[in-house]
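Asker: CSV, C-alpha atoms, file protein.csv:
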chain,number,residue,atom,x,y,z
A,1,MET,CA,91.4,109.1,71.4
A,2,ASN,CA,94.5,108.3,69.3
A,3,ALA,CA,96.5,105.2,69.7
A,4,ALA,CA,99.6,106.9,71.4
A,5,LEU,CA,97.4,108.5,74.1
A,6,GLN,CA,95.5,105.3,74.6
A,7,LYS,CA,98.8,103.4,75.2
A,8,ALA,CA,100.1,106.1,77.5
A,9,ILE,CA,96.9,106.0,79.7
A,10,THR,CA,97.2,102.2,79.7
A,11,THR,CA,100.7,102.5,81.0
A,12,LEU,CA,99.7,104.9,83.8
A,13,ILE,CA,96.8,102.9,84.9
A,14,THR,CA,98.7,99.6,84.9
A,15,SER,CA,101.4,101.0,87.1
A,16,MET,CA,98.8,102.4,89.6
A,17,ALA,CA,96.9,99.2,89.6
A,18,ASP,CA,100.0,97.0,90.0
A,19,ASP,CA,101.2,99.1,92.9
A,20,ALA,CA,97.8,98.7,94.6
A,21,LEU,CA,97.5,95.0,94.0
A,22,ILE,CA,101.0,94.1,95.1
A,23,LEU,CA,101.1,96.4,98.2
A,24,GLY,CA,97.5,95.3,99.0
A,25,HIS,CA,98.6,91.7,98.9
A,26,ARG,CA,101.7,92.5,101.0
A,27,ASN,CA,99.8,94.4,103.6
A,28,SER,CA,97.2,91.5,103.8
A,29,GLU,CA,100.1,89.3,105.1
A,30,TRP,CA,99.7,91.1,108.4
A,31,THR,CA,96.2,89.8,108.8
A,32,GLY,CA,96.2,87.8,112.1
A,33,LEU,CA,99.7,89.0,113.0
A,34,GLY,CA,99.0,92.7,113.6
A,35,PRO,CA,100.3,94.2,116.8
A,36,ILE,CA,96.9,94.4,118.4
A,37,MET,CA,93.4,93.3,117.4
A,38,GLU,CA,92.1,96.7,116.5
A,39,GLU,CA,95.1,97.5,114.4
A,40,ASP,CA,95.0,94.1,112.7
A,41,ILE,CA,91.4,94.8,111.6
A,42,ALA,CA,92.2,98.3,110.4
A,43,PHE,CA,95.3,97.3,108.5
A,44,SER,CA,93.6,94.3,106.9
A,45,SER,CA,90.7,96.5,105.9
A,46,MET,CA,92.9,99.0,104.2
A,47,ALA,CA,94.7,96.2,102.4
A,48,GLN,CA,91.3,95.1,101.0
A,49,ASP,CA,90.7,98.7,99.9
A,50,LYS,CA,93.9,98.5,97.9
A,51,ILE,CA,92.9,95.3,96.2
A,52,GLY,CA,89.6,97.1,95.4
A,53,HIS,CA,91.5,100.0,93.8
A,54,ALA,CA,93.5,97.6,91.7
A,55,TRP,CA,90.4,95.8,90.6
A,56,ALA,CA,88.6,99.1,89.7
A,57,LEU,CA,91.7,100.2,87.6
A,58,TYR,CA,92.0,96.8,85.8
A,59,ARG,CA,88.3,97.1,85.0
A,60,ILE,CA,88.9,100.5,83.4
A,61,LEU,CA,91.6,98.9,81.3
A,62,GLN,CA,89.2,96.2,80.3
A,63,GLU,CA,86.1,98.3,79.6
A,64,HIS,CA,87.7,101.4,78.0
A,65,LEU,CA,91.1,100.5,76.7
A,66,GLY,CA,90.8,97.0,75.3
A,67,GLY,CA,92.5,95.3,78.3
A,68,GLU,CA,92.2,91.7,79.5
A,69,ASP,CA,89.9,90.3,82.1
A,70,PRO,CA,91.1,91.7,85.5
A,71,ASP,CA,91.6,88.3,87.1
A,72,GLN,CA,93.6,86.9,84.2
A,73,PHE,CA,95.6,90.2,84.0
A,74,ALA,CA,96.4,90.1,87.7
A,75,PHE,CA,97.2,86.4,88.2
A,76,ILE,CA,98.6,85.1,85.0
A,77,ARG,CA,101.0,87.9,84.0
A,78,ALA,CA,104.8,87.3,84.2
A,79,ALA,CA,106.8,89.4,86.7
A,80,LYS,CA,108.6,91.3,83.9
A,81,ASP,CA,105.2,92.5,82.7
A,82,PHE,CA,104.3,94.0,86.1
A,83,THR,CA,105.1,97.7,86.5
A,84,CYS,CA,104.8,98.1,90.2
A,85,CYS,CA,107.5,100.1,92.1
A,86,HIS,CA,110.0,98.3,94.3
A,87,LEU,CA,108.5,99.8,97.4
A,88,ALA,CA,105.4,97.7,97.0
A,89,GLU,CA,107.2,94.4,96.4
A,90,LEU,CA,109.4,94.2,99.5
A,91,PRO,CA,108.4,91.7,102.2
A,92,ILE,CA,106.5,93.1,105.2
A,93,SER,CA,109.6,92.9,107.4
A,94,SER,CA,108.7,94.5,110.8
A,95,TYR,CA,105.8,96.7,111.7
A,96,ASP,CA,107.9,99.9,111.6
A,97,PHE,CA,108.8,99.3,108.0
A,98,SER,CA,105.3,98.3,106.9
A,99,LEU,CA,103.8,101.3,108.6
A,100,MET,CA,106.3,103.7,107.2
A,101,ARG,CA,105.7,102.2,103.7
A,102,HIS,CA,102.0,102.6,104.2
A,103,PHE,CA,102.5,106.2,105.3
A,104,LEU,CA,104.7,107.2,102.3
A,105,PHE,CA,102.7,105.2,99.7
A,106,ASP,CA,99.2,106.3,100.8
A,107,HIS,CA,100.2,109.9,100.8
A,108,ALA,CA,101.6,109.4,97.3
A,109,GLU,CA,98.3,107.8,96.3
A,110,ALA,CA,96.3,110.6,97.8
A,111,VAL,CA,98.3,113.2,95.9
A,112,ARG,CA,97.9,111.2,92.7
A,113,TYR,CA,94.1,110.7,93.0
A,114,GLU,CA,93.7,114.3,93.9
A,115,SER,CA,95.3,115.3,90.7
A,116,LEU,CA,93.1,112.9,88.8
A,117,GLN,CA,90.0,114.8,90.0
A,118,GLN,CA,90.7,117.1,87.0
A,119,CYS,CA,91.5,114.2,84.7
A,120,SER,CA,90.2,114.5,81.1
A,121,PHE,CA,89.7,110.8,80.9
A,122,GLU,CA,86.4,110.4,82.6
A,123,PRO,CA,86.6,106.8,84.1
A,124,LEU,CA,89.8,107.9,86.0
A,125,GLN,CA,88.2,111.1,87.1
A,126,GLN,CA,85.2,109.3,88.5
A,127,LEU,CA,87.3,106.7,90.3
A,128,SER,CA,89.3,109.5,91.9
A,129,LYS,CA,86.1,110.8,93.5
A,130,LYS,CA,85.1,107.3,94.6
A,131,VAL,CA,88.4,106.5,96.5
A,132,LYS,CA,88.7,110.0,98.1
A,133,GLY,CA,87.1,109.0,101.4
A,134,GLU,CA,89.0,105.8,101.7
A,135,LEU,CA,92.4,107.5,101.1
A,136,LYS,CA,91.4,110.2,103.6
A,137,TYR,CA,91.1,107.4,106.2
A,138,HIS,CA,94.3,105.7,105.2
A,139,THR,CA,96.4,108.8,105.6
A,140,LEU,CA,94.7,109.7,108.9
A,141,HIS,CA,95.5,106.2,110.1
A,142,ALA,CA,99.1,106.5,108.9
A,143,ASP,CA,99.6,110.0,110.3
A,144,ALA,CA,98.3,109.0,113.7
A,145,TRP,CA,100.5,105.9,114.0
A,146,VAL,CA,103.7,107.7,112.8
A,147,LEU,CA,103.2,110.4,115.3
A,148,GLN,CA,102.3,108.0,118.1
A,149,LEU,CA,105.4,105.8,117.5
A,150,CYS,CA,107.7,108.7,117.1
A,151,ARG,CA,106.7,109.9,120.5
A,152,GLY,CA,106.9,106.5,122.0
A,153,GLY,CA,110.4,106.8,123.5
A,154,GLU,CA,113.9,106.7,122.2
A,155,GLU,CA,113.9,103.2,120.7
A,156,SER,CA,110.6,103.7,119.0
A,157,GLN,CA,111.7,107.0,117.5
A,158,GLN,CA,115.0,105.5,116.3
A,159,ARG,CA,113.2,102.6,114.6
A,160,MET,CA,110.8,105.0,112.8
A,161,GLN,CA,113.7,107.1,111.6
A,162,ALA,CA,115.5,104.0,110.4
A,163,ALA,CA,112.4,102.9,108.6
A,164,LEU,CA,112.0,106.3,106.9
A,165,ASP,CA,115.7,106.2,105.8
A,166,ARG,CA,115.1,102.8,104.3
A,167,CYS,CA,111.8,103.6,102.7
A,168,PHE,CA,112.5,107.0,101.3
A,169,PRO,CA,114.5,106.1,98.2
A,170,LEU,CA,112.1,103.3,97.5
A,171,ALA,CA,109.1,105.6,97.9
A,172,ALA,CA,110.7,108.2,95.6
A,173,GLY,CA,110.7,105.3,93.1
A,174,ILE,CA,106.9,105.5,93.0
A,175,PHE,CA,107.4,108.7,90.9
A,176,GLU,CA,109.7,107.1,88.3
A,177,PRO,CA,109.2,109.3,85.2
A,178,GLY,CA,108.3,107.7,81.9
A,179,PRO,CA,108.3,108.8,78.2
A,180,GLN,CA,104.5,109.1,78.3
A,181,ASP,CA,104.5,111.8,81.0
A,182,ALA,CA,104.6,114.8,78.7
A,183,LEU,CA,101.9,113.4,76.4
A,184,LEU,CA,99.6,112.6,79.4
A,185,ALA,CA,100.2,116.1,80.8
A,186,ASP,CA,99.4,117.8,77.4
A,187,ALA,CA,96.2,115.7,77.2
A,188,GLY,CA,95.1,116.8,80.6
A,189,ILE,CA,95.2,113.3,82.1
A,190,TYR,CA,97.5,114.2,85.0
A,191,PRO,CA,100.3,116.6,85.7
A,192,GLY,CA,103.2,114.1,85.4
A,193,GLU,CA,105.4,112.3,87.9
A,194,GLN,CA,107.7,115.2,88.7
A,195,THR,CA,104.8,117.4,89.7
A,196,LEU,CA,103.3,114.7,91.9
A,197,TYR,CA,106.6,114.0,93.5
A,198,ASP,CA,107.0,117.7,94.5
A,199,LYS,CA,103.5,117.8,95.9
A,200,TRP,CA,104.1,114.6,97.8
A,201,LEU,CA,107.2,116.0,99.4
A,202,ASN,CA,105.3,119.1,100.4
A,203,THR,CA,102.7,117.0,102.0
A,204,ILE,CA,104.9,114.6,104.0
A,205,TYR,CA,107.5,117.1,105.0
A,206,PRO,CA,105.5,119.0,107.7
A,207,LEU,CA,104.1,115.7,109.0
A,208,LEU,CA,107.6,114.3,109.4
A,209,VAL,CA,108.8,117.4,111.1
A,210,ASN,CA,105.9,117.2,113.5
A,211,ALA,CA,106.9,113.7,114.4
A,212,SER,CA,110.6,114.8,114.8
A,213,LEU,CA,111.7,112.7,111.9
A,214,ASN,CA,114.5,113.9,109.5
A,215,LEU,CA,113.6,113.7,105.9
A,216,PRO,CA,116.6,112.3,104.0
A,217,ASP,CA,118.0,114.9,101.5
A,218,PRO,CA,116.0,114.1,98.4
A,219,ALA,CA,118.7,115.6,96.2
A,220,ALA,CA,121.4,113.4,97.7
A,221,ILE,CA,119.7,110.1,97.5
A,222,PRO,CA,119.0,108.5,94.2
A,223,PRO,CA,115.4,107.1,94.0
A,224,GLN,CA,115.1,103.4,93.5
A,225,TYR,CA,113.8,103.2,89.9
A,226,GLY,CA,113.2,100.3,87.6
A,227,GLY,CA,109.8,98.9,88.5
A,228,ARG,CA,107.9,100.9,85.9
A,229,TYR,CA,110.1,99.3,83.2
A,230,GLY,CA,109.5,95.8,84.5
A,231,ASN,CA,112.8,95.5,86.3
A,232,HIS,CA,112.0,94.1,89.8
A,233,THR,CA,113.5,92.8,93.0
A,234,PRO,CA,113.5,89.0,93.3
A,235,HIS,CA,110.7,89.4,95.9
A,236,LEU,CA,108.0,90.1,93.2
A,237,GLN,CA,108.4,86.7,91.6
A,238,ALA,CA,108.0,84.9,94.9
A,239,LEU,CA,104.9,87.0,95.7
A,240,LEU,CA,103.3,86.4,92.3
A,241,GLN,CA,104.0,82.7,92.7
A,242,GLU,CA,102.1,82.6,95.9
A,243,MET,CA,99.3,85.0,94.9
A,244,GLY,CA,98.4,83.1,91.8
A,245,GLU,CA,98.9,79.6,93.2
A,246,VAL,CA,95.2,78.8,93.6
A,247,PHE,CA,94.1,80.7,90.5
A,248,ARG,CA,96.4,78.8,88.2
A,249,LEU,CA,94.9,75.5,89.3
A,250,ASP,CA,92.0,76.3,87.1
A,251,PRO,CA,92.1,79.7,85.5
A,252,THR,CA,88.6,79.3,84.0
A,253,ALA,CA,86.9,78.4,87.3
A,254,GLY,CA,84.0,80.6,88.4
A,255,TRP,CA,84.0,81.9,92.0
B,1,MET,CA,106.4,93.3,140.0
B,2,SER,CA,105.0,93.1,136.6
B,3,ASN,CA,101.9,91.2,135.8
B,4,GLN,CA,102.1,88.0,133.9
B,5,SER,CA,100.8,89.2,130.6
B,6,TYR,CA,98.3,87.4,128.4
B,7,ASP,CA,100.0,89.0,125.4
B,8,PRO,CA,103.8,88.9,125.6
B,9,ARG,CA,104.1,92.0,123.4
B,10,VAL,CA,102.3,94.1,125.9
B,11,ASN,CA,103.8,95.3,129.2
B,12,ARG,CA,101.1,95.2,131.8
B,13,LEU,CA,100.6,97.7,134.5
B,14,LYS,CA,102.4,97.0,137.7
B,15,LEU,CA,100.1,96.4,140.6
B,16,GLY,CA,100.8,97.5,144.1
B,17,ASN,CA,98.9,96.6,147.2
B,18,ALA,CA,95.4,95.3,146.6
B,19,ASP,CA,94.0,98.3,148.4
B,20,ASP,CA,95.7,100.9,146.1
B,21,PRO,CA,93.5,102.3,143.4
B,22,ILE,CA,94.5,101.1,140.0
B,23,LYS,CA,95.5,104.1,137.9
B,24,VAL,CA,96.5,103.9,134.3
B,25,GLU,CA,99.2,106.5,133.6
B,26,GLU,CA,99.0,108.2,130.2
B,27,GLY,CA,101.3,106.3,127.8
B,28,GLU,CA,102.1,103.5,130.3
B,29,ASN,CA,99.3,101.3,129.1
B,30,TRP,CA,96.5,101.6,126.7
B,31,ASN,CA,93.1,102.8,127.7
B,32,VAL,CA,89.7,101.5,126.8
B,33,TYR,CA,87.5,103.9,124.9
B,34,GLU,CA,83.8,103.5,124.5
B,35,VAL,CA,82.6,104.0,121.0
B,36,PHE,CA,79.3,105.8,120.0
B,37,HIS,CA,78.0,105.4,116.5
B,38,GLN,CA,75.8,107.8,114.6
B,39,GLU,CA,73.8,106.3,111.8
B,40,LYS,CA,72.6,109.5,110.1
B,41,ARG,CA,73.2,113.2,110.6
B,42,GLY,CA,71.0,114.5,113.4
B,43,ALA,CA,70.4,111.1,115.0
B,44,HIS,CA,71.7,110.2,118.5
B,45,HIS,CA,75.1,108.7,118.9
B,46,GLU,CA,74.5,105.2,120.2
B,47,HIS,CA,76.9,103.1,122.2
B,48,VAL,CA,78.2,100.2,120.2
B,49,GLY,CA,81.2,98.8,122.0
B,50,CYS,CA,84.8,99.7,122.9
B,51,VAL,CA,88.4,99.7,121.6
B,52,HIS,CA,91.8,99.7,123.2
B,53,ALA,CA,93.9,102.6,122.1
B,54,PRO,CA,96.9,104.7,123.3
B,55,ASP,CA,95.2,108.0,122.7
B,56,PRO,CA,91.8,109.4,121.6
B,57,GLN,CA,92.9,110.0,118.0
B,58,LEU,CA,93.9,106.4,117.5
B,59,ALA,CA,90.8,105.3,119.3
B,60,LEU,CA,88.8,107.0,116.6
B,61,VAL,CA,91.0,105.5,113.9
B,62,PHE,CA,90.4,102.0,115.3
B,63,ALA,CA,86.7,102.6,116.0
B,64,LYS,CA,86.2,103.6,112.3
B,65,GLU,CA,87.2,100.1,111.1
B,66,GLN,CA,85.6,98.2,114.1
B,67,PHE,CA,82.3,99.9,114.1
B,68,GLY,CA,81.9,102.1,111.1
B,69,ARG,CA,82.5,99.5,108.4
B,70,ARG,CA,79.4,97.4,108.1
B,71,LYS,CA,76.4,99.4,109.3
B,72,LYS,CA,75.7,102.8,107.8
B,73,CYS,CA,77.7,105.4,109.7
B,74,VAL,CA,78.2,109.1,109.3
B,75,ASN,CA,80.1,109.9,112.6
B,76,LEU,CA,81.7,108.4,115.6
B,77,TRP,CA,82.5,109.5,119.1
B,78,VAL,CA,85.0,108.0,121.5
B,79,VAL,CA,85.1,108.6,125.2
B,80,ARG,CA,87.7,107.2,127.6
B,81,SER,CA,85.8,104.6,129.6
B,82,ALA,CA,87.5,105.9,132.8
B,83,ASP,CA,85.8,109.3,132.2
B,84,ILE,CA,82.3,107.8,132.5
B,85,LEU,CA,80.6,108.2,135.9
B,86,ALA,CA,78.0,105.6,136.6
B,87,PHE,CA,75.7,104.8,139.5
B,88,ASP,CA,76.7,101.9,141.7
B,89,LEU,CA,75.1,98.7,140.8
B,90,GLU,CA,73.9,98.5,144.5
B,91,ASP,CA,71.8,101.6,143.9
B,92,GLU,CA,69.7,99.9,141.3
B,93,ASP,CA,66.7,100.1,143.7
B,94,MET,CA,66.6,103.9,143.0
B,95,PHE,CA,65.1,103.0,139.6
B,96,ALA,CA,62.5,100.6,140.8
B,97,ASN,CA,59.1,102.1,140.1
B,98,ASN,CA,56.5,102.2,142.8
B,99,LEU,CA,53.5,100.4,141.5
B,100,GLU,CA,51.2,102.9,142.9
B,101,LYS,CA,52.7,105.7,140.8
B,102,THR,CA,51.6,104.6,137.4
B,103,TYR,CA,50.0,108.1,137.1
B,104,ARG,CA,53.6,109.3,136.5
B,105,ASP,CA,53.9,107.2,133.3
B,106,ALA,CA,53.3,109.1,130.1
B,107,SER,CA,50.9,106.4,129.1
B,108,GLY,CA,48.6,107.6,131.8
B,109,PHE,CA,47.6,110.6,129.8
B,110,LYS,CA,44.7,109.9,127.5
B,111,VAL,CA,45.6,112.1,124.6
B,112,MET,CA,45.7,109.8,121.6
B,113,ASP,CA,42.1,110.6,120.8
B,114,LYS,CA,42.9,114.3,120.6
B,115,ILE,CA,46.1,113.6,118.5
B,116,ASN,CA,44.3,111.3,116.1
B,117,LYS,CA,41.6,113.9,115.7
B,118,PHE,CA,44.1,116.6,115.0
B,119,LYS,CA,46.0,114.4,112.5
B,120,GLY,CA,42.7,113.6,110.7
B,121,GLU,CA,42.0,117.3,110.3
B,122,ALA,CA,45.5,117.9,109.0
B,123,VAL,CA,45.1,115.5,106.0
B,124,LYS,CA,41.6,116.7,105.1
B,125,PRO,CA,41.6,118.6,101.8
B,126,PRO,CA,40.8,122.3,102.3
B,127,LYS,CA,37.1,123.1,101.9
B,128,ALA,CA,36.2,124.7,98.6
Would you kindly transcribe this structure into structure tokens?

Answerer:
Amino acid sequence: MNAALQKAITTLITSMADDALILGHRNSEWTGLGPIMEEDIAFSSMAQDKIGHAWALYRILQEHLGGEDPDQFAFIRAAKDFTCCHLAELPISSYDFSLMRHFLFDHAEAVRYESLQQCSFEPLQQLSKKVKGELKYHTLHADAWVLQLCRGGEESQQRMQAALDRCFPLAAGIFEPGPQDALLADAGIYPGEQTLYDKWLNTIYPLLVNASLNLPDPAAIPPQYGGRYGNHTPHLQALLQEMGEVFRLDPTAGW
Amino acid sequence: MSNQSYDPRVNRLKLGNADDPIKVEEGENWNVYEVFHQEKRGAHHEHVGCVHAPDPQLALVFAKEQFGRRKKCVNLWVVRSADILAFDLEDEDMFANNLEKTYRDASGFKVMDKINKFKGEAVKPPKA
């Protein structure tokens, strides 16, 4: 593998892993506060799955691409070196927001990992098979909740629509294109952000229609980009501060 | 009159006269669903507990994380607890076995000798 391709794959994996780590951490903030016990357990469990995905991706960086130790990479890096999207960084807000974020993000992840089942870089291809079942559950959970809350009366429906309106440009930012996209597509790594974005829209559209939600016009709303280039909302710094607080006490400690 | 709820986020069912049957209207309050767990394909689904859920689909979604996460699991069933018909506890005497009827227990049949003999024959190598 040449150096340019190696760098491009590293960029892709880092973004995926940072998204999973940051959103996994965010969603875990609901633990103990979920709307009911059953949902609390389910949402916490899925947050753990996300941390697991992040760890698996950081391990691929370390083992195959000359990356750092996953713990060091996750806890010591500066905010500007993270390449997560803005959607993942925002505070949990209310449950309608968190649930809509979960719905949009996990469908995006499902589309991405599905495309990676044909990936020419074997570690990613194998990971995509491993996480398939988990993502199937995550999207089932998200779909069931979105439908349930959209049929839960006028106020509920309005709140879900407002959450969608707020999340949509942020979620479109998951698919921020980068200069490495063409190289990765040519090398058979994955089809590129634009293709995934179109597939994602095709997946979520019928689900939203079924829930009587209006998808904001994708052409009229600029996606919230920046995260992939290290430009973040102020929320990321605060989150990293808290996330790494214990780790930084003694970065060499064994657990 | 609304019940004093243990959970302020949940509106509880309004109770009428003590004599009225309590009925949970669809969507008015959450139902309890019994969860049945299958450990491997072909095995019986076994009752493992229950979840609260607004509909059967979400009951399954919840059951998966409550009961399918630790032990090996290949499938789950959920059934609305209200749809289960059970005998009255008072009628437990129906199940009491008459001591004089031990001949009805399967253990009454002396067949193990025959079975063991048959098994012994099955593993014997074929005669040359």

Asker: As an mmCIF file with C-alpha atoms, keeping the file's coordinate frame, could you give me every residue of chain A near chain B (at most 8 Å apart, counting only C-alpha atoms)?

Answerer:
data_model
loop_
_atom_site.group_PDB
_atom_site.id
_atom_site.type_symbol
_atom_site.label_atom_id
_atom_site.label_comp_id
_atom_site.auth_asym_id
_atom_site.auth_seq_id
_atom_site.Cartn_x
_atom_site.Cartn_y
_atom_site.Cartn_z
ATOM 1 C CA PRO A 35 100.300 94.200 116.800
ATOM 2 C CA GLU A 38 92.100 96.700 116.500
ATOM 3 C CA GLU A 39 95.100 97.500 114.400
ATOM 4 C CA ILE A 41 91.400 94.800 111.600
ATOM 5 C CA ALA A 42 92.200 98.300 110.400
ATOM 6 C CA SER A 45 90.700 96.500 105.900
ATOM 7 C CA TYR A 137 91.100 107.400 106.200
ATOM 8 C CA LEU A 140 94.700 109.700 108.900
ATOM 9 C CA HIS A 141 95.500 106.200 110.100
ATOM 10 C CA ALA A 144 98.300 109.000 113.700
ATOM 11 C CA TRP A 145 100.500 105.900 114.000
#

Asker: Interatomic distance between atom CA of Val131 of chain A and atom CA of Asn27 of chain A?

Answerer: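 Those two atoms sit 18.1 Å apart.
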
Asker: What does the structure give for the distance between atom CA of Ala47 of chain A and atom CA of Ala88 of chain A, in Å to one decimal?

Answerer: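 If I compute the distance from atom CA of Ala47 of chain A to atom CA of Ala88 of chain A, I get 12.1 Å.
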
Asker: So the first atom is atom CA of Asn75 of chain B and the second is atom CA of Lys130 of chain A; what is the distance between them in Å, to one decimal place?

Answerer: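 Separation between atom CA of Asn75 of chain B and atom CA of Lys130 of chain A: 18.9 Å.
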
Asker: Please provide the set of residues having any atom within 7 Å of segment 80-92 of chain B, restricted to all atoms listed in the file, with same-chain residues fewer than 3 positions apart removed, written as a ChimeraX atom specification.

Answerer: /B:31-34,95

Asker: For His25 of chain A, which residue among A:Ser128, A:Leu183, A:Arg248, A:Glu242 is the nearest when counting all atoms listed in the file?

Answerer: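 When distances to His25 of chain A are compared using all atoms listed in the file, the smallest one comes from A:Glu242.
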
Asker: So which one's closest to Pro206 of chain A, A:Phe97, A:Asp143, A:Glu154, A:Val246? Using only C-alpha atoms, please.

Answerer: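 Looking at the shortest contact to Pro206 of chain A, the residue is A:Asp143.
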
Asker: Of the candidates A:Leu213, A:Met1, A:Leu21, A:Ala79, which one gets nearest to Ser156 of chain A if we count all atoms listed in the file?

Answerer: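 Closest to Ser156 of chain A of all the choices is A:Leu213.
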
Asker: Can you pull out every residue within 7 Å of segment 36-41 of chain B, counting all atoms listed in the file, but drop anything in the same chain fewer than 5 positions away, and send it as a ChimeraX atom specification?

Answerer: /B:46-48,72-78
